[in-house]
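Asker: The structure under discussion is supplied below as structure tokens; questions concerning it will follow.
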Amino acid sequence: MSHPLLQIKDLSVEFHTDGTVVQAVAGVDLEVHAGEIVAVVGESGSGKTVTAMSVLRLIREPPASVRAGTLAFRGQDLRSLSRRELRAIRGGPVGMIFQDPMTALNPVLSIGDQIAEAVQLHQAKRDRRAARARAVELLAMVGVPDPAHRARQYPHEFSGGMRQRAMIAMAIANDPDLIIADEPTTALDVTIQAQVLQLIQRAQRETGAATVLITHDLGIVAELADRVVVMYAGRVVETAGVLELFARPRHPYTLGLLGSLPRMDTEAERLDPIPGNPPNMADPPPGCPFHPRCAIARDNCRTDRPALLPIGDGRSSACHFHEELA
Ligand code: SF4
């Protein structure tokens, strides 16, 4: 297998507030290879966004403390980079798409100026005029109608879906090797969601960029991902190719997530959400963190934490009883 484009080993992130330590991420390993789409899924609070944000050192330290055995992009140690060097990576070889583009866009700069700025920051040889022209071209590419006119407008003049298109234009402006998309469609209504997803898929195909797609929506995962990393309580609990994961989940949490999906192939309309709530990460349960919600938990689950281990076919599971699920 090729050398990974992004390599995370043993990532842990703690937040220290008011004398409390919240272990948001604990010992996460993640590898992304060139051109692949890896979905990181889990309920809110599972640590998926914190993991992705740690890659580009977007977690404020303090109050957080981020530790990792390896945190490398194209073989380069991201922890050793200066702020300037990190800025050169963000929006350049690594494009980012956030859930709420309003927080990522500057409200007092026109959309065209913001995209042009992103282009110039990473392609110094383009003058202002060429960067503006490229911004209009990018807006056209992501399906913004009348792009020359819209480029002169401000973020508040764009709808949610159009703002997300502008963010995607910015993310692909410098031909990235990696796109990190954090819940890119969660804030959008269903019709716009489908359009934005198609656009991300097209952007990924056209740039050939690997993509880390963070989502709680397994419908999106089924549509876009090659490989899936399931997170629960700050840990990876299962990894598998997308088809294998949907066909034969090997962790009860994954099974629960799939059980809460609406089915088109049965008459049953009932959804079976996973009972209970994710644990309080300031005081996680001993043993397997999923045991209070797990239908097949046994005594040792309450005391022995299962490690994430390979289970064949390039898959891994952190469940003492993954074989029973097979
Ligand atoms: Fe359930 Fe035990 Fe497996 Fe944890 S280790 S997921 S509690 S069966």
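Ligands are numbered from 1 in the order shown, chains are lettered A, B, ... in the order of the structure tokens, and residues start at 1 in each chain.
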Dump the neighbourhood of ligand 1 as a VMD selection string: all residues within 12 Å, distances computed on only C-alpha atoms and all ligand atoms.

Answerer: chain A and resid 232 to 233 236 to 238 249 to 256 285 to 309 317 to 325

Asker: Please return, as a PyMOL selection string, all residues of region 145-286 of chain A that DSSP assigns to strand (DSSP E) on the basis of the backbone.

Answerer: chain A and resi 178-182+210-215+227-232+235-241

Asker: Restricting it to C-alpha atoms, dump the selection as an mmCIF file, in the first residue's frame.

Answerer:
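Saved result, out13.cif, follows:
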```cif
data_model
loop_
_atom_site.group_PDB
_atom_site.id
_atom_site.type_symbol
_atom_site.label_atom_id
_atom_site.label_comp_id
_atom_site.auth_asym_id
_atom_site.auth_seq_id
_atom_site.Cartn_x
_atom_site.Cartn_y
_atom_site.Cartn_z
ATOM 1 C CA LEU A 178 -6.789 16.602 0.995
ATOM 2 C CA ILE A 179 -10.234 18.039 1.751
ATOM 3 C CA ILE A 180 -11.586 17.956 5.288
ATOM 4 C CA ALA A 181 -15.367 18.345 5.299
ATOM 5 C CA ASP A 182 -16.961 18.645 8.742
ATOM 6 C CA ALA A 210 -8.438 12.550 -0.640
ATOM 7 C CA THR A 211 -11.350 13.505 1.592
ATOM 8 C CA VAL A 212 -12.036 13.139 5.294
ATOM 9 C CA LEU A 213 -15.794 13.411 5.628
ATOM 10 C CA ILE A 214 -17.038 13.926 9.161
ATOM 11 C CA THR A 215 -20.704 13.158 9.533
ATOM 12 C CA ARG A 227 -13.828 3.523 3.918
ATOM 13 C CA VAL A 228 -15.493 4.222 7.258
ATOM 14 C CA VAL A 229 -14.080 4.939 10.705
ATOM 15 C CA VAL A 230 -16.699 4.676 13.458
ATOM 16 C CA MET A 231 -16.008 6.656 16.634
ATOM 17 C CA TYR A 232 -17.608 6.344 20.050
ATOM 18 C CA ARG A 235 -12.205 6.223 20.398
ATOM 19 C CA VAL A 236 -12.282 4.390 17.098
ATOM 20 C CA VAL A 237 -14.510 1.346 17.602
ATOM 21 C CA GLU A 238 -14.683 -0.024 14.064
ATOM 22 C CA THR A 239 -13.074 0.506 10.673
ATOM 23 C CA ALA A 240 -14.088 -1.149 7.403
ATOM 24 C CA GLY A 241 -14.706 -0.593 3.723
#
```

Asker: I'd like the contact shell of Ala166 (chain A) - 10 Å cut-off, only C-alpha atoms, skipping same-chain residues fewer than 2 positions apart - returned as a PyMOL selection string.

Answerer: chain A and resi 97+101+105+111-112+114-115+135+138-140+142-144+151+155+158+160-164+168-171

Asker: Closest to Val242 (chain A) among A:Val21, A:Leu6, A:Leu56, A:Ala225, using only C-alpha atoms?

Answerer: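 Of A:Val21, A:Leu6, A:Leu56, A:Ala225, the one nearest Val242 (chain A), counting only C-alpha atoms, is A:Ala225.
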
Asker: I'd like the contact shell of Leu11 (chain A) - 9 Å cut-off, only C-alpha atoms, skipping same-chain residues fewer than 6 positions apart - returned as a list in words.

Answerer: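 Here the qualifying residues turn out to be Val25, Ala26, Gly27, Val28, Asp29, Leu30, Thr51, Ser54, Val66, Arg67, Ala68, Gly69, Thr70 and Leu71 of chain A.
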
Asker: Convert the current residue selection to file output with N, CA and C atoms, as a tab-separated table (two decimals), in the first residue's frame.

Answerer:
```
chain	number	residue	atom	x	y	z
A	25	VAL	N	-10.78	12.91	22.93
A	25	VAL	CA	-10.25	11.93	21.98
A	25	VAL	C	-9.19	11.12	22.73
A	26	ALA	N	-9.22	9.80	22.56
A	26	ALA	CA	-8.30	8.96	23.33
A	26	ALA	C	-7.68	7.88	22.45
A	27	GLY	N	-6.42	8.12	22.05
A	27	GLY	CA	-5.67	7.08	21.34
A	27	GLY	C	-6.20	6.75	19.95
A	28	VAL	N	-6.51	7.78	19.19
A	28	VAL	CA	-7.08	7.54	17.84
A	28	VAL	C	-5.97	7.37	16.80
A	29	ASP	N	-6.10	6.33	15.98
A	29	ASP	CA	-5.24	6.14	14.81
A	29	ASP	C	-6.10	6.35	13.56
A	30	LEU	N	-5.55	7.04	12.58
A	30	LEU	CA	-6.31	7.26	11.35
A	30	LEU	C	-5.32	7.46	10.20
A	51	THR	N	-11.00	15.34	16.35
A	51	THR	CA	-9.92	14.62	15.65
A	51	THR	C	-9.52	15.37	14.39
A	54	SER	N	-7.80	18.69	14.99
A	54	SER	CA	-6.44	18.55	15.52
A	54	SER	C	-5.41	18.44	14.40
A	66	VAL	N	-3.25	18.66	23.33
A	66	VAL	CA	-3.27	17.70	22.22
A	66	VAL	C	-1.96	16.93	22.22
A	67	ARG	N	-2.04	15.61	22.25
A	67	ARG	CA	-0.84	14.78	22.19
A	67	ARG	C	-1.02	13.76	21.07
A	68	ALA	N	0.08	13.49	20.37
A	68	ALA	CA	-0.02	12.47	19.31
A	68	ALA	C	1.33	11.82	19.12
A	69	GLY	N	1.32	10.51	18.84
A	69	GLY	CA	2.56	9.82	18.49
A	69	GLY	C	3.03	10.29	17.12
A	70	THR	N	2.10	10.37	16.20
A	70	THR	CA	2.39	10.86	14.84
A	70	THR	C	1.22	11.73	14.38
A	71	LEU	N	1.56	12.85	13.74
A	71	LEU	CA	0.55	13.70	13.13
A	71	LEU	C	1.23	14.23	11.87
```

Asker: Considering only C-alpha atoms, state which residue in the set A:Val94, A:Ala173, A:Ala88, A:Met167 is at the smallest distance from Arg134 (chain A).

Answerer: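 Among the listed residues, the smallest separation from Arg134 (chain A) belongs to A:Ala173.
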
Asker: Here is a test: counting only C-alpha atoms, which residue of A:Leu109, A:Ala247, A:Ala34, A:Ala39 is nearest to Glu223 (chain A)?

Answerer: A:Ala39
